[in-house]
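Structure first, then comments.
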Amino acid sequence: MLQRPFPRYIIIPLLLIIINSEQFPQSSLKINPDSLFYQFVASRKERLKPQDMANLSIKLPDLIEQDKPAEKCGFALSAAVRANFDIFSLPQKKLIQKLTGRPTLSASAESVVSPSGHFRIHYEVNGDYAPSYDPLLSVKENVKKIAAAFDSAYSFEVNFLGFPAPPPDGSLGGDNLYDVYIVNEAQGNYGTTEIDAEKIGANTYTSFIYIDNDYVGSGYATHSFDAAMITAAHELHHAIQMGCYAYKDDDIFFHEMTSTAMEDFVFDSINDYCREGFIKQYFNRPTQNYFVTTYPQDGNGYRLAIWDIFLKEKYGYEIIKRQWELYKNYPALKAIQLSLLEKHSSFRNELNDFGIWTYFTGYRALPGKYFKDGAYYPTISYLIKTSYSESLFPLTLTQRPLTNMFLAFLVKTGERTDTIAVKITNGDFTGALNDPSSEVQIKYDVSEVQKDGFKKLTNNLYSCLSSPYLNYFMEEDFFNDEHLDSLNSIVPYSQIDAPYPNPYSYLDYSTSGLSLPVSYNDTRQAEIRIYSVGMNLIYSGNGTIFDDKTSKKYYVSWNCIDSKGQRLSTGVYLYVTSSNGEIKKGKFVIKNDH
């Protein structure tokens, strides 16, 4: 049954609410007040009215007039301006107060209580703010589905995961139910959890949520009800964080990291995170330290949600909850480290393992191993990818704490080209606490002869990682996309019975084709069959056997064109070659990067 909202005239006048450092923890970060203010206002430009600007006599730069998508969640910016409230001018403070307060809806606005009885959803019946996620449904039908989305998020996060419910706000919003306001947010802003002015404990606050009314436009990776559902999961956890644990301005990344991961945990089938640009940003720059908060806008937590997904898939949901319990008394990095020590591990060890997991994504993803949705993730970017030459080494590099660095070298031996990839982890937890932007110098060397301190990559290549702080670092190596530690033994090229080049790139090897192992016969003809990982036959034909002078092995060449004359999509494939009654089989990777 629909209930009328509380009378709008009893809202506490927003300009009388005083936000100061006694109510909200001050940030230790250096902030440019104008830059932070302009970006904050730009993210809320849909809430501005002409008289707001005229009355406050503030001239804003052109940037807020541009149709530039806002950050996905407005929480970080809102929290930042509150934590740094004292640095703003008086006119700026007045506008901040107006834009962080509860909205003044029209006289025709209505509200509805969600079926679980935990939420009151406020909405406009007509106009630009009216909910229209599905234009074929009525406003009330749209609101009913939004209420169900918040109930689903509550059921998972509170009832299943065991997080405490957000605290009641007394009579704000008309009663003590948690308030959700459906409004027309700035393009790209899925929603915002706003903190009420009065704190209820040490660094804890009541709050309310804004969500967009339609999710229409290019600023959203996901649209309609799917976008509203993941927003419910994301913003509800912000409400839990601030109301039941703590809000700390220097740890915004931690707040956003968990809330973004909750989208994937609660509504796993939607996969918005796989489409969002933030996950691509992590995979494109794994050498940037994301375990830190930066302003004016901080997207590090969005990028780092993949870390929480990793921890959940390895240890279960409980470790995420445990970190928030520890966060009451410790900074975020310390809370994460303590939770890992309780698992008899450490930040350094887990970041090393995390690097391996992030290597096996995209076309490298292995069914049943590492990330469940790894095939939908991007592939990691190399800091260096180049042809191997002994004269190239040693390499002198610098690396920030709590980062992974990836290098790749193409090794040509006769007609064969192999790829050796290297992951270097800087697991310096203490350095990240003290100065996350600091860099440590390391030296990476590769030799064709065994030397003291060098480890074996293949039977004719050896590597050595050195640094004055070597105890911070861990190295993992990959040969043709196989983790070397997972191989029973590292064999010389002359004994390798595998396809090459692997992975096969149409861009790099379009003139050479893929060489598949085969047994020799006098006719020098062999049958080739290529299958998808689902065992669908995509090519069948014959080829001429040739011998590789370097490895003294026999191969048959295939141009990587299927039976329909088409290039293959990026992914893993299986091959079977048959010659003289002998069969050889294995797998290879295609990169369709053209």
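We name chains A, B, ... following the order of the structure tokens; residues begin at 1 in each chain, and ligands are numbered from 1 as shown.
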For this session: Find the spatial neighbours of Pro164 of chain A, counting only C-alpha atoms, within a cut-off of 10 Å - ignore same-chain residues fewer than 5 positions away - and output them as a ChimeraX atom specification.
Result: /A:154,157-159,237,240-241,243-245
For this session: Using DSSP on the backbone, list every residue of segment 359-542 of chain A that comes out as helix (DSSP H, G or I), and give them as a PyMOL selection string.
Result: chain A and resi 359+362-364+374-376+390-392+429-434+470-472+484-486+493-495+506-509
Limited to N, CA, C and O atoms, could you put the picked residues into a file as an mmCIF file, in the first residue's frame?
data_model
loop_
_atom_site.group_PDB
_atom_site.id
_atom_site.type_symbol
_atom_site.label_atom_id
_atom_site.label_comp_id
_atom_site.auth_asym_id
_atom_site.auth_seq_id
_atom_site.Cartn_x
_atom_site.Cartn_y
_atom_site.Cartn_z
ATOM 1 N N TYR A 359 46.906 -12.590 -14.570
ATOM 2 C CA TYR A 359 47.545 -12.986 -15.837
ATOM 3 C C TYR A 359 46.633 -13.931 -16.622
ATOM 4 O O TYR A 359 46.555 -13.853 -17.848
ATOM 5 N N GLY A 362 40.851 -13.082 -19.766
ATOM 6 C CA GLY A 362 40.648 -12.903 -21.200
ATOM 7 C C GLY A 362 40.875 -14.207 -21.937
ATOM 8 O O GLY A 362 40.386 -15.261 -21.522
ATOM 9 N N TYR A 363 41.662 -14.166 -23.003
ATOM 10 C CA TYR A 363 41.889 -15.381 -23.792
ATOM 11 C C TYR A 363 42.738 -16.401 -23.036
ATOM 12 O O TYR A 363 42.778 -17.571 -23.407
ATOM 13 N N ARG A 364 43.431 -15.981 -21.961
ATOM 14 C CA ARG A 364 44.246 -16.909 -21.177
ATOM 15 C C ARG A 364 43.456 -17.613 -20.078
ATOM 16 O O ARG A 364 43.987 -18.482 -19.381
ATOM 17 N N GLY A 374 36.795 -14.868 -15.314
ATOM 18 C CA GLY A 374 38.043 -14.380 -15.893
ATOM 19 C C GLY A 374 38.020 -14.218 -17.396
ATOM 20 O O GLY A 374 38.700 -13.350 -17.949
ATOM 21 N N ALA A 375 37.249 -15.045 -18.091
ATOM 22 C CA ALA A 375 37.191 -14.954 -19.556
ATOM 23 C C ALA A 375 36.599 -13.623 -20.011
ATOM 24 O O ALA A 375 36.851 -13.184 -21.139
ATOM 25 N N TYR A 376 35.821 -12.965 -19.140
ATOM 26 C CA TYR A 376 35.198 -11.684 -19.487
ATOM 27 C C TYR A 376 36.067 -10.497 -19.107
ATOM 28 O O TYR A 376 35.742 -9.358 -19.447
ATOM 29 N N GLU A 390 70.208 -10.758 -25.628
ATOM 30 C CA GLU A 390 71.015 -10.771 -24.412
ATOM 31 C C GLU A 390 71.592 -9.395 -24.113
ATOM 32 O O GLU A 390 71.805 -9.030 -22.958
ATOM 33 N N SER A 391 71.798 -8.599 -25.168
ATOM 34 C CA SER A 391 72.354 -7.257 -24.972
ATOM 35 C C SER A 391 71.357 -6.308 -24.297
ATOM 36 O O SER A 391 71.730 -5.244 -23.826
ATOM 37 N N LEU A 392 70.084 -6.698 -24.246
ATOM 38 C CA LEU A 392 69.056 -5.877 -23.625
ATOM 39 C C LEU A 392 69.218 -5.821 -22.102
ATOM 40 O O LEU A 392 68.780 -4.879 -21.457
ATOM 41 N N PHE A 429 54.388 -3.691 2.201
ATOM 42 C CA PHE A 429 53.224 -3.177 2.912
ATOM 43 C C PHE A 429 53.576 -1.943 3.746
ATOM 44 O O PHE A 429 52.849 -0.947 3.747
ATOM 45 N N THR A 430 54.698 -1.970 4.430
ATOM 46 C CA THR A 430 55.101 -0.843 5.271
ATOM 47 C C THR A 430 55.366 0.399 4.425
ATOM 48 O O THR A 430 54.983 1.514 4.784
ATOM 49 N N GLY A 431 56.019 0.220 3.283
ATOM 50 C CA GLY A 431 56.271 1.336 2.389
ATOM 51 C C GLY A 431 54.985 1.959 1.882
ATOM 52 O O GLY A 431 54.884 3.187 1.743
ATOM 53 N N ALA A 432 53.980 1.123 1.619
ATOM 54 C CA ALA A 432 52.686 1.636 1.151
ATOM 55 C C ALA A 432 51.998 2.448 2.236
ATOM 56 O O ALA A 432 51.332 3.445 1.953
ATOM 57 N N LEU A 433 52.166 2.038 3.492
ATOM 58 C CA LEU A 433 51.586 2.799 4.599
ATOM 59 C C LEU A 433 52.246 4.160 4.744
ATOM 60 O O LEU A 433 51.577 5.170 4.961
ATOM 61 N N ASN A 434 53.573 4.190 4.594
ATOM 62 C CA ASN A 434 54.324 5.420 4.842
ATOM 63 C C ASN A 434 54.323 6.365 3.651
ATOM 64 O O ASN A 434 54.181 7.577 3.799
ATOM 65 N N LEU A 470 65.289 -6.855 -1.556
ATOM 66 C CA LEU A 470 64.777 -8.016 -2.279
ATOM 67 C C LEU A 470 63.696 -8.761 -1.499
ATOM 68 O O LEU A 470 62.844 -9.425 -2.105
ATOM 69 N N ASN A 471 63.696 -8.628 -0.165
ATOM 70 C CA ASN A 471 62.689 -9.339 0.626
ATOM 71 C C ASN A 471 61.279 -8.831 0.369
ATOM 72 O O ASN A 471 60.296 -9.481 0.717
ATOM 73 N N TYR A 472 61.139 -7.645 -0.259
ATOM 74 C CA TYR A 472 59.815 -7.142 -0.606
ATOM 75 C C TYR A 472 59.242 -7.834 -1.844
ATOM 76 O O TYR A 472 58.034 -7.806 -2.068
ATOM 77 N N LEU A 484 55.221 -21.313 -15.159
ATOM 78 C CA LEU A 484 56.362 -22.228 -15.075
ATOM 79 C C LEU A 484 56.321 -23.066 -13.811
ATOM 80 O O LEU A 484 56.720 -24.232 -13.827
ATOM 81 N N ASP A 485 55.850 -22.512 -12.708
ATOM 82 C CA ASP A 485 55.782 -23.295 -11.481
ATOM 83 C C ASP A 485 54.771 -24.427 -11.585
ATOM 84 O O ASP A 485 54.794 -25.360 -10.791
ATOM 85 N N SER A 486 53.854 -24.328 -12.553
ATOM 86 C CA SER A 486 52.841 -25.367 -12.704
ATOM 87 C C SER A 486 53.315 -26.494 -13.621
ATOM 88 O O SER A 486 52.651 -27.518 -13.738
ATOM 89 N N TYR A 493 64.285 -26.430 -25.668
ATOM 90 C CA TYR A 493 63.490 -26.229 -26.874
ATOM 91 C C TYR A 493 63.486 -27.489 -27.747
ATOM 92 O O TYR A 493 62.501 -27.807 -28.395
ATOM 93 N N SER A 494 64.581 -28.201 -27.749
ATOM 94 C CA SER A 494 64.691 -29.377 -28.633
ATOM 95 C C SER A 494 63.734 -30.481 -28.228
ATOM 96 O O SER A 494 63.480 -31.399 -28.997
ATOM 97 N N GLN A 495 63.190 -30.419 -26.995
ATOM 98 C CA GLN A 495 62.265 -31.460 -26.548
ATOM 99 C C GLN A 495 60.820 -30.975 -26.469
ATOM 100 O O GLN A 495 59.937 -31.734 -26.103
ATOM 101 N N TYR A 506 47.066 -12.739 -35.199
ATOM 102 C CA TYR A 506 46.903 -12.419 -36.625
ATOM 103 C C TYR A 506 47.706 -11.179 -36.994
ATOM 104 O O TYR A 506 48.176 -11.058 -38.125
ATOM 105 N N LEU A 507 47.871 -10.295 -36.044
ATOM 106 C CA LEU A 507 48.611 -9.062 -36.308
ATOM 107 C C LEU A 507 50.106 -9.332 -36.457
ATOM 108 O O LEU A 507 50.764 -8.801 -37.349
ATOM 109 N N ASP A 508 50.642 -10.182 -35.582
ATOM 110 C CA ASP A 508 52.087 -10.418 -35.563
ATOM 111 C C ASP A 508 52.544 -11.537 -36.503
ATOM 112 O O ASP A 508 53.682 -11.531 -36.974
ATOM 113 N N TYR A 509 51.675 -12.536 -36.740
ATOM 114 C CA TYR A 509 52.134 -13.733 -37.453
ATOM 115 C C TYR A 509 51.265 -14.077 -38.664
ATOM 116 O O TYR A 509 51.138 -15.235 -39.053
#
For this session: Extract the full set of strand (DSSP E) residues from segment 441-568 of chain A according to DSSP on the backbone, and format it as JSON, numbers by chain.
Result: {"A": [441, 442, 443, 444, 445, 446, 447, 455, 456, 457, 458, 461, 462, 463, 464, 465, 466, 473, 474, 475, 476, 477, 478, 479, 482, 483, 504, 505, 514, 515, 516, 517, 525, 526, 527, 528, 529, 530, 531, 532, 537, 538, 539, 540, 541, 542, 543, 544, 545, 546, 547, 548, 553, 554, 555, 556, 557, 558]}
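Using only C-alpha atoms for every distance, the candidate list A:Gln288, A:Thr231, A:Asn300, A:Ser155 yields A:Asn300 as the residue closest to Phe254 of chain A.
Around Met262 of chain A, within 9 Å and counting only C-alpha atoms, the residues found are Ala153, Glu157, Ile230, Ala233, His234, His237, Met257, Thr258, Ser259, Thr260, Asp264, Phe265, Val266, Phe267, Ala305 and Ile309 of chain A, once anything fewer than 2 positions away on its own chain is removed.
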Hey, can you spit out that residue selection with N, CA, C and O atoms as a short mmCIF file (atom, residue, chain, number, x, y, z; two decimals), in the first residue's frame?
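Resulting contents of out.cif:
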data_model
loop_
_atom_site.label_atom_id
_atom_site.label_comp_id
_atom_site.auth_asym_id
_atom_site.auth_seq_id
_atom_site.Cartn_x
_atom_site.Cartn_y
_atom_site.Cartn_z
N ALA A 153 19.20 -6.69 -2.17
CA ALA A 153 20.54 -6.32 -1.69
C ALA A 153 20.62 -6.47 -0.17
O ALA A 153 21.62 -6.97 0.36
N GLU A 157 23.33 -8.88 1.73
CA GLU A 157 24.40 -8.25 2.50
C GLU A 157 24.19 -8.38 4.01
O GLU A 157 25.15 -8.57 4.76
N ILE A 230 22.39 -3.05 -9.36
CA ILE A 230 23.77 -3.01 -8.88
C ILE A 230 24.02 -1.75 -8.05
O ILE A 230 24.83 -1.75 -7.11
N ALA A 233 22.94 -2.50 -4.51
CA ALA A 233 23.96 -3.29 -3.81
C ALA A 233 25.14 -2.41 -3.40
O ALA A 233 25.66 -2.52 -2.28
N HIS A 234 25.57 -1.54 -4.30
CA HIS A 234 26.72 -0.66 -4.07
C HIS A 234 26.44 0.35 -2.95
O HIS A 234 27.19 0.45 -1.97
N HIS A 237 25.81 -0.86 0.74
CA HIS A 237 26.99 -1.19 1.54
C HIS A 237 27.69 0.06 2.05
O HIS A 237 28.27 0.06 3.14
N MET A 257 36.05 0.17 -2.99
CA MET A 257 36.47 -1.17 -3.39
C MET A 257 35.43 -2.21 -2.97
O MET A 257 35.00 -3.05 -3.77
N THR A 258 35.01 -2.14 -1.71
CA THR A 258 34.05 -3.11 -1.22
C THR A 258 32.67 -2.91 -1.85
O THR A 258 32.01 -3.88 -2.24
N SER A 259 32.22 -1.66 -1.94
CA SER A 259 30.89 -1.41 -2.52
C SER A 259 30.81 -1.87 -3.97
O SER A 259 29.80 -2.40 -4.42
N THR A 260 31.89 -1.63 -4.74
CA THR A 260 31.90 -2.06 -6.14
C THR A 260 31.91 -3.58 -6.24
O THR A 260 31.23 -4.17 -7.09
N ASP A 264 29.02 -7.20 -7.81
CA ASP A 264 29.29 -8.52 -8.40
C ASP A 264 28.82 -9.63 -7.47
O ASP A 264 28.31 -10.66 -7.92
N PHE A 265 28.98 -9.44 -6.16
CA PHE A 265 28.58 -10.47 -5.21
C PHE A 265 27.07 -10.65 -5.16
O PHE A 265 26.56 -11.77 -5.17
N VAL A 266 26.34 -9.53 -5.11
CA VAL A 266 24.89 -9.59 -4.91
C VAL A 266 24.16 -9.96 -6.19
O VAL A 266 23.25 -10.79 -6.19
N PHE A 267 24.56 -9.32 -7.31
CA PHE A 267 23.88 -9.56 -8.59
C PHE A 267 24.91 -10.06 -9.60
O PHE A 267 25.28 -9.37 -10.55
N ALA A 305 38.20 -3.27 -7.10
CA ALA A 305 37.18 -4.26 -6.75
C ALA A 305 37.62 -5.66 -7.15
O ALA A 305 37.24 -6.65 -6.52
N ILE A 309 37.24 -9.30 -5.20
CA ILE A 309 36.69 -10.48 -5.88
C ILE A 309 37.68 -11.64 -5.77
O ILE A 309 37.29 -12.79 -5.52
#
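Between Ser557 of chain A and the residues A:Ser512, A:Tyr444, A:Thr570, A:Gln39, the shortest atom-to-atom distance, using only C-alpha atoms, involves A:Ser512.
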Which segment 403-479 of chain A residues have any atom within 12 Å of an atom of segment 514-530 of chain A, and for each, what is the nearest pair of atoms with distance in Å to one decimal, counting only C-alpha atoms, rows sorted by chain and number, as JSON lines?
{"residue": "A:Glu415", "atom": "CA", "partner": "A:Ser515", "partner_atom": "CA", "distance": 9.9}
{"residue": "A:Arg416", "atom": "CA", "partner": "A:Ser515", "partner_atom": "CA", "distance": 8.9}
{"residue": "A:Thr417", "atom": "CA", "partner": "A:Ser515", "partner_atom": "CA", "distance": 10.6}
Save the residues we just selected, all heavy atoms, as a compact mmCIF listing (two decimals), in the first residue's frame?
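Dumped to selection36.txt:
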# COMPACT_ATOMS: atom_id res chain seq x y z
N GLU A 415 63.06 -21.23 -36.54
CA GLU A 415 61.76 -20.81 -37.04
C GLU A 415 60.74 -20.60 -35.93
O GLU A 415 59.62 -20.18 -36.17
CB GLU A 415 61.22 -21.87 -38.02
CG GLU A 415 62.06 -22.05 -39.27
CD GLU A 415 62.14 -20.77 -40.08
OE1 GLU A 415 61.09 -20.11 -40.24
OE2 GLU A 415 63.23 -20.42 -40.53
N ARG A 416 61.15 -20.90 -34.72
CA ARG A 416 60.22 -20.91 -33.61
C ARG A 416 60.28 -19.59 -32.82
O ARG A 416 61.35 -19.06 -32.58
CB ARG A 416 60.57 -22.07 -32.68
CG ARG A 416 59.66 -22.21 -31.50
CD ARG A 416 60.18 -23.27 -30.54
NE ARG A 416 59.15 -23.54 -29.56
CZ ARG A 416 58.25 -24.50 -29.66
NH1 ARG A 416 58.28 -25.32 -30.68
NH2 ARG A 416 57.33 -24.65 -28.74
N THR A 417 59.11 -19.07 -32.40
CA THR A 417 59.05 -17.90 -31.54
C THR A 417 58.25 -18.26 -30.29
O THR A 417 57.11 -18.70 -30.39
CB THR A 417 58.38 -16.70 -32.23
OG1 THR A 417 59.13 -16.36 -33.40
CG2 THR A 417 58.33 -15.50 -31.30
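Distance check against Ala408 of chain A using only C-alpha atoms: of A:Ser381, A:Asn271, A:Ser437, A:Gln92, the minimum falls on A:Ser381.
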For this session: Take atom CA of Leu137 of chain A and atom CA of Glu46 of chain A and report the distance between them in Å, one decimal.
Result: 24.1 Å
Problem set entry | Exercise: Phe371 of chain A partners within 12 Å, only C-alpha atoms, chain neighbours under 6 positions left out, as a PyMOL selection string | chain A and resi 274+306-314+353-362+364-365+377-378
For this session: Do a neighbour search on Ile384 of chain A at 9 Å with only C-alpha atoms, toss out local chain neighbours closer than 5 positions, and write the hits as a list in words.
Result: Phe406, Leu407, Ala408 and Phe409 of chain A
For this session: Excluding Asp445 of chain A and residues on its chain fewer than 3 positions from it, collect all residues at most 9 Å away from it, counting only C-alpha atoms, and give them as a ChimeraX atom specification.
Result: /A:392-396,454,462-466
